[in-house]
Structures are given as C-alpha cells and as structure tokens.
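Next up, coords26.cif (mmCIF, C-alpha atoms):
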```cif
data_target
loop_
_atom_site.label_atom_id
_atom_site.label_comp_id
_atom_site.auth_asym_id
_atom_site.auth_seq_id
_atom_site.Cartn_x
_atom_site.Cartn_y
_atom_site.Cartn_z
CA MET A 71 0.00 0.00 0.00
CA LYS A 72 2.84 2.35 0.87
CA LYS A 73 4.36 1.71 -2.57
CA TYR A 74 1.14 2.82 -4.26
CA ILE A 75 0.95 5.98 -2.19
CA LEU A 76 4.58 6.72 -2.95
CA LEU A 77 4.07 6.11 -6.68
CA LEU A 78 0.92 8.22 -6.72
CA THR A 79 2.71 11.06 -4.93
CA LEU A 80 5.65 10.82 -7.34
CA PHE A 81 3.32 10.80 -10.36
CA ALA A 82 1.38 13.82 -9.06
CA SER A 83 4.59 15.77 -8.48
CA ILE A 84 5.82 14.97 -12.00
CA ILE A 85 2.53 16.23 -13.48
CA ALA A 86 2.64 19.35 -11.32
CA LYS A 87 6.25 20.01 -12.36
CA ALA A 88 5.37 19.59 -16.05
CA GLN A 89 2.65 22.21 -15.69
CA ASP A 90 5.05 24.66 -14.02
CA THR A 91 6.53 26.13 -17.18
CA PRO A 92 7.03 29.76 -18.16
CA ILE A 93 4.09 29.40 -20.54
CA SER A 94 1.69 27.95 -17.97
CA ALA A 95 2.80 30.52 -15.40
CA PHE A 96 2.29 33.30 -17.96
CA LEU A 97 -1.18 32.06 -18.89
CA GLU A 98 -2.32 31.95 -15.28
CA LYS A 99 -1.05 35.49 -14.70
CA TRP A 100 -2.45 36.64 -18.05
CA GLU A 101 -6.00 35.58 -17.15
CA ASN A 102 -5.82 37.42 -13.83
CA SER A 103 -4.36 40.45 -15.59
CA LYS A 104 -7.29 40.42 -18.01
CA ASP A 105 -9.84 40.23 -15.20
CA TYR A 106 -8.12 43.07 -13.34
CA LEU A 107 -7.95 45.38 -16.36
CA VAL A 108 -11.52 44.65 -17.43
CA GLU A 109 -12.74 45.43 -13.93
CA MET A 110 -10.97 48.80 -14.12
CA ALA A 111 -12.48 49.47 -17.53
CA GLU A 112 -15.93 48.65 -16.18
CA LEU A 113 -15.51 50.95 -13.17
CA MET A 114 -14.79 54.06 -15.25
CA PRO A 115 -18.06 55.69 -16.37
CA GLU A 116 -18.41 55.91 -20.14
CA ASP A 117 -18.44 59.72 -20.06
CA LYS A 118 -14.96 59.58 -18.45
CA TYR A 119 -13.41 57.43 -21.19
CA THR A 120 -12.17 60.67 -22.79
CA TYR A 121 -10.55 61.80 -19.53
CA LYS A 122 -6.80 62.40 -19.47
CA PRO A 123 -4.90 63.99 -16.57
CA THR A 124 -2.75 66.24 -18.79
CA GLU A 125 -2.57 67.19 -22.45
CA ARG A 126 0.53 65.01 -22.93
CA GLN A 127 -1.22 61.85 -21.80
CA LYS A 128 -3.57 59.47 -23.55
CA THR A 129 -7.24 59.37 -22.63
CA PHE A 130 -8.51 56.46 -20.54
CA GLN A 131 -9.89 54.88 -23.73
CA GLU A 132 -6.68 55.50 -25.67
CA GLN A 133 -4.70 53.78 -22.90
CA LEU A 134 -6.95 50.71 -23.11
CA LEU A 135 -6.72 50.57 -26.90
CA HIS A 136 -2.95 51.05 -26.78
CA ILE A 137 -2.75 48.01 -24.48
CA LYS A 138 -4.91 46.05 -26.94
CA GLN A 139 -2.84 47.05 -29.98
CA ASN A 140 0.41 46.10 -28.24
CA MET A 141 -0.97 42.67 -27.29
CA ASP A 142 -2.13 42.09 -30.87
CA TRP A 143 1.21 43.20 -32.32
CA LEU A 144 3.55 41.28 -29.98
CA SER A 145 1.57 38.04 -29.95
CA SER A 146 0.90 37.89 -33.69
CA THR A 147 4.35 39.11 -34.77
CA TYR A 148 6.47 36.95 -32.49
CA PHE A 149 4.34 33.92 -31.63
CA SER A 150 1.90 33.29 -34.47
CA LYS A 151 2.63 31.33 -37.60
CA GLU A 152 -0.38 32.95 -39.27
CA LYS A 153 0.30 36.58 -40.00
CA LYS A 154 -2.91 38.56 -39.89
CA GLU A 155 -3.38 41.90 -41.52
CA ALA A 156 -3.96 44.52 -38.84
CA LYS A 157 -7.45 45.90 -39.02
CA LYS A 158 -7.93 49.53 -38.15
CA ALA A 159 -11.05 49.26 -36.03
CA THR A 160 -12.86 52.12 -34.41
CA TYR A 161 -14.30 51.58 -30.97
CA THR A 162 -16.76 54.26 -29.96
CA THR A 163 -18.45 52.89 -26.85
CA LYS A 164 -17.27 51.60 -23.51
CA THR A 165 -18.84 48.22 -24.30
CA GLU A 166 -16.92 47.98 -27.59
CA VAL A 167 -13.63 48.89 -25.92
CA ILE A 168 -14.10 46.31 -23.16
CA ALA A 169 -15.04 43.64 -25.71
CA ALA A 170 -11.94 44.50 -27.78
CA ILE A 171 -9.65 44.30 -24.73
CA THR A 172 -11.17 40.98 -23.67
CA GLU A 173 -10.81 39.57 -27.17
CA ALA A 174 -7.17 40.70 -27.40
CA PHE A 175 -6.33 38.99 -24.09
CA ASP A 176 -8.09 35.80 -25.22
CA ASN A 177 -6.44 35.82 -28.66
CA THR A 178 -3.02 36.35 -27.11
CA ALA A 179 -3.61 33.47 -24.68
CA ALA A 180 -4.67 31.18 -27.54
CA ILE A 181 -1.51 32.06 -29.49
CA ILE A 182 0.82 31.62 -26.49
CA LYS A 183 -0.75 28.24 -25.60
CA LYS A 184 0.64 26.92 -28.89
CA ALA A 185 4.22 27.96 -28.05
CA SER A 186 6.67 25.35 -26.80
CA PRO A 187 9.23 25.84 -24.04
CA GLU A 188 11.96 25.41 -26.68
CA GLU A 189 10.44 28.21 -28.76
CA LEU A 190 10.92 30.63 -25.86
CA LYS A 191 14.69 30.28 -26.33
CA GLU A 192 14.52 31.49 -29.95
CA ILE A 193 16.09 34.87 -30.62
CA VAL A 194 14.05 37.31 -32.69
CA GLU A 195 14.78 40.71 -34.13
CA PHE A 196 13.18 43.47 -32.09
CA PHE A 197 13.42 47.24 -32.35
CA ALA A 198 15.36 47.27 -29.05
CA GLY A 199 17.81 44.67 -30.39
CA PRO A 200 17.75 40.87 -30.52
CA LYS A 201 15.52 39.33 -27.84
CA THR A 202 14.42 35.83 -26.90
CA LYS A 203 10.77 34.99 -27.23
CA LEU A 204 10.76 34.59 -23.45
CA GLN A 205 11.72 38.27 -23.22
CA ILE A 206 8.87 39.14 -25.60
CA LEU A 207 6.51 37.08 -23.41
CA ASN A 208 7.67 39.05 -20.36
CA LEU A 209 7.24 42.29 -22.28
CA LEU A 210 3.63 41.40 -23.07
CA GLN A 211 2.78 41.30 -19.37
CA ASP A 212 5.05 44.17 -18.39
CA HIS A 213 3.47 46.49 -20.95
CA VAL A 214 -0.04 45.72 -19.68
CA THR A 215 1.11 46.30 -16.10
CA HIS A 216 2.77 49.62 -17.01
CA HIS A 217 -0.35 51.10 -18.58
CA ARG A 218 -2.70 49.52 -16.06
CA GLY A 219 -0.77 51.39 -13.35
CA GLN A 220 -1.49 54.62 -15.19
CA LEU A 221 -5.17 53.73 -15.36
CA ILE A 222 -5.26 53.28 -11.58
CA VAL A 223 -4.21 56.94 -11.31
CA TYR A 224 -6.94 57.95 -13.79
CA LEU A 225 -9.53 56.17 -11.62
CA ASN A 226 -8.23 57.77 -8.43
CA LEU A 227 -8.23 61.25 -10.00
CA ASN A 228 -11.91 60.70 -10.78
CA ASP A 229 -12.61 59.61 -7.19
CA ILE A 230 -13.22 56.00 -8.26
CA LYS A 231 -11.76 53.34 -6.00
CA PRO A 232 -9.64 50.97 -8.12
CA PRO A 233 -10.26 47.24 -7.75
CA ARG A 234 -8.18 45.26 -5.31
CA PHE A 235 -4.88 44.10 -6.81
CA ARG A 236 -4.57 40.58 -8.14
CA GLY A 237 -1.00 39.29 -8.15
CA TRP A 238 -1.21 35.88 -9.73
#
```
Kindly transcribe the structure held in the file into structure tokens.
Amino acid sequence: MKKYILLLTLFASIIAKAQDTPISAFLEKWENSKDYLVEMAELMPEDKYTYKPTERQKTFQEQLLHIKQNMDWLSSTYFSKEKKEAKKATYTTKTEVIAAITEAFDNTAAIIKKASPEELKEIVEFFAGPKTKLQILNLLQDHVTHHRGQLIVYLNLNDIKPPRFRGW
C-alpha cells in the first residue's frame, strides 16, 4: 500500500512540475491580468473614457486601446505562424472597448498556448535589439502592467476606487 501511495505522490509531483513552465505561469497570470484590467475598464463611467490627466497623456480609452494594440502586435508578430493583416477598427463605446480588450487577451492566450518551451529560447529581431521569445513574453505582461498602473491613477483622480490588486 505504501508503494502505491509513494508512486501516486511521485506521479502527481511529475505532473505538477510539467505544468510549471514559463508558458503555464504566464497564462495563469495573463487571465488574472485580463480580469483586473476589465474590472478597471468597467468601473470608469463611459463619459470619463475621454478623460486624461494632462494634455501630454492618452485618454482612458486610448490607454486601453494602446494596451490592446500592443498585445495584438507582440503576440501575432512573435508567436503566431499565421500573420494577420492589422485591421484599423474604431471603438466608440465603452462596451466595444471592453469587448476589444477581452478579445485581445483571449487571442493572445490562444496564441501563447501553442508555443513550446523550446520556442521561448529562440532569438528574434526586435526594435530594441535581438531578444528571446521569453523576453517578448515578459514584455507582453510588463506592458499591460505599465499602462494599467497609469489607469489606476486615472480612476483615483476621478474619485473612483480601483479594484483590489490581483497578483497571480
């Protein structure tokens, strides 16, 4: 009986270890990041989507769409075998913007799920110099985090309490 318990424990730890890859870790974080950003987007009233703290800054809506465009660009350029022509879409309502953000997160996740751990070691040409695909993967999340931090300020400046932070 002890042998079976030991084997079962060993098997479970092997499966858990196999799931603990940079890609699986990214995807878990990515889903939480999506939920966090969408909650922020939902909190801001639609009439405040044109709000920007200073003339130099993007509006709340422009920040969200910039995040979306960056996700689309990085995931399709560096992780997709199928190159899609970028569509210049216009989003005029809060509902459309939130749907576009959600779709971009989901599309990126679907693309990244197809990547292999070996692929993350590949070096690609990037405007900041040669980078591994793992670095591009990290940039995807870092870019969302950077602009999401700005959106927290936008919410606070409009006396809207931001949602509670989600780490993982």
List the residues selected by the PyMOL selection byres ((chain A and resi 172-186) around 10) in the file shown, writing them as an mmCIF file with C-alpha atoms, keeping the file's coordinate frame.
```
data_model
loop_
_atom_site.group_PDB
_atom_site.id
_atom_site.type_symbol
_atom_site.label_atom_id
_atom_site.label_comp_id
_atom_site.auth_asym_id
_atom_site.auth_seq_id
_atom_site.Cartn_x
_atom_site.Cartn_y
_atom_site.Cartn_z
ATOM 1 C CA THR A 91 6.530 26.130 -17.180
ATOM 2 C CA PRO A 92 7.030 29.760 -18.160
ATOM 3 C CA ILE A 93 4.090 29.400 -20.540
ATOM 4 C CA SER A 94 1.690 27.950 -17.970
ATOM 5 C CA PHE A 96 2.290 33.300 -17.960
ATOM 6 C CA LEU A 97 -1.180 32.060 -18.890
ATOM 7 C CA GLU A 98 -2.320 31.950 -15.280
ATOM 8 C CA TRP A 100 -2.450 36.640 -18.050
ATOM 9 C CA GLU A 101 -6.000 35.580 -17.150
ATOM 10 C CA SER A 103 -4.360 40.450 -15.590
ATOM 11 C CA LYS A 104 -7.290 40.420 -18.010
ATOM 12 C CA ASP A 105 -9.840 40.230 -15.200
ATOM 13 C CA LEU A 107 -7.950 45.380 -16.360
ATOM 14 C CA VAL A 108 -11.520 44.650 -17.430
ATOM 15 C CA LEU A 135 -6.720 50.570 -26.900
ATOM 16 C CA ILE A 137 -2.750 48.010 -24.480
ATOM 17 C CA LYS A 138 -4.910 46.050 -26.940
ATOM 18 C CA GLN A 139 -2.840 47.050 -29.980
ATOM 19 C CA ASN A 140 0.410 46.100 -28.240
ATOM 20 C CA MET A 141 -0.970 42.670 -27.290
ATOM 21 C CA ASP A 142 -2.130 42.090 -30.870
ATOM 22 C CA TRP A 143 1.210 43.200 -32.320
ATOM 23 C CA LEU A 144 3.550 41.280 -29.980
ATOM 24 C CA SER A 145 1.570 38.040 -29.950
ATOM 25 C CA SER A 146 0.900 37.890 -33.690
ATOM 26 C CA TYR A 148 6.470 36.950 -32.490
ATOM 27 C CA PHE A 149 4.340 33.920 -31.630
ATOM 28 C CA SER A 150 1.900 33.290 -34.470
ATOM 29 C CA LYS A 151 2.630 31.330 -37.600
ATOM 30 C CA GLU A 152 -0.380 32.950 -39.270
ATOM 31 C CA GLU A 166 -16.920 47.980 -27.590
ATOM 32 C CA VAL A 167 -13.630 48.890 -25.920
ATOM 33 C CA ILE A 168 -14.100 46.310 -23.160
ATOM 34 C CA ALA A 169 -15.040 43.640 -25.710
ATOM 35 C CA ALA A 170 -11.940 44.500 -27.780
ATOM 36 C CA ILE A 171 -9.650 44.300 -24.730
ATOM 37 C CA PRO A 187 9.230 25.840 -24.040
ATOM 38 C CA GLU A 188 11.960 25.410 -26.680
ATOM 39 C CA GLU A 189 10.440 28.210 -28.760
ATOM 40 C CA LEU A 190 10.920 30.630 -25.860
ATOM 41 C CA LYS A 191 14.690 30.280 -26.330
ATOM 42 C CA LYS A 203 10.770 34.990 -27.230
ATOM 43 C CA LEU A 207 6.510 37.080 -23.410
ATOM 44 C CA LEU A 210 3.630 41.400 -23.070
#
```
message = What does the structure give for the distance between atom CA of A:Val194 and atom CA of A:Thr147, in Å to one decimal?
response =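 Interatomic distance here is 10.1 Å.
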request  = Tell me, as a PyMOL selection string, which residues lie within 9 Å of stretch 226-228 of chain A, counting only C-alpha atoms; anything in the same chain fewer than 5 positions away does not count.
outcome  = chain A and resi 114+118+121+123+221
request  = Work out how far apart atom CA of A:His136 and atom CA of A:Phe197 are and give it in Å to one decimal.
outcome  =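 Distance reported for this atom pair: 17.7 Å.
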task = Rank A:Asp90, A:Glu109, A:Glu116, A:Glu195 by their smallest atom-to-atom distance to A:Thr163, using all atoms listed in the file, and report the top residue only.
result =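 Going through A:Asp90, A:Glu109, A:Glu116, A:Glu195 one by one, the smallest distance to A:Thr163 is for A:Glu116.
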task = Just give me the gap between atom CA of A:His217 and atom CA of A:Lys201 in Å, one decimal is fine.
result =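 Atom-to-atom, atom CA of A:His217 to atom CA of A:Lys201, that is 21.8 Å.
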Residue among A:Thr129, A:Ala159, A:Met110, A:His213 lying closest to A:Ile230, counting all atoms listed in the file =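 Smallest separation from A:Ile230 among the options: A:Met110.
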For a quick check of your reading of the model, name the residues lying within 8 Å of the coordinate (-0.8, 60.5, -14.3), counting only C-alpha atoms, and write them as a compact mmCIF listing (two decimals) with C-alpha atoms, in the coordinates of the input.
```txt
# COMPACT_ATOMS: atom_id res chain seq x y z
CA PRO A 123 -4.90 63.99 -16.57
CA THR A 124 -2.75 66.24 -18.79
CA GLN A 127 -1.22 61.85 -21.80
CA GLN A 220 -1.49 54.62 -15.19
CA VAL A 223 -4.21 56.94 -11.31
CA TYR A 224 -6.94 57.95 -13.79
```
ask   = For A:Lys164, which of A:Asn208, A:Thr202, A:Gln133, A:Ala111 is the closest residue, counting all atoms listed in the file?
value = A:Ala111
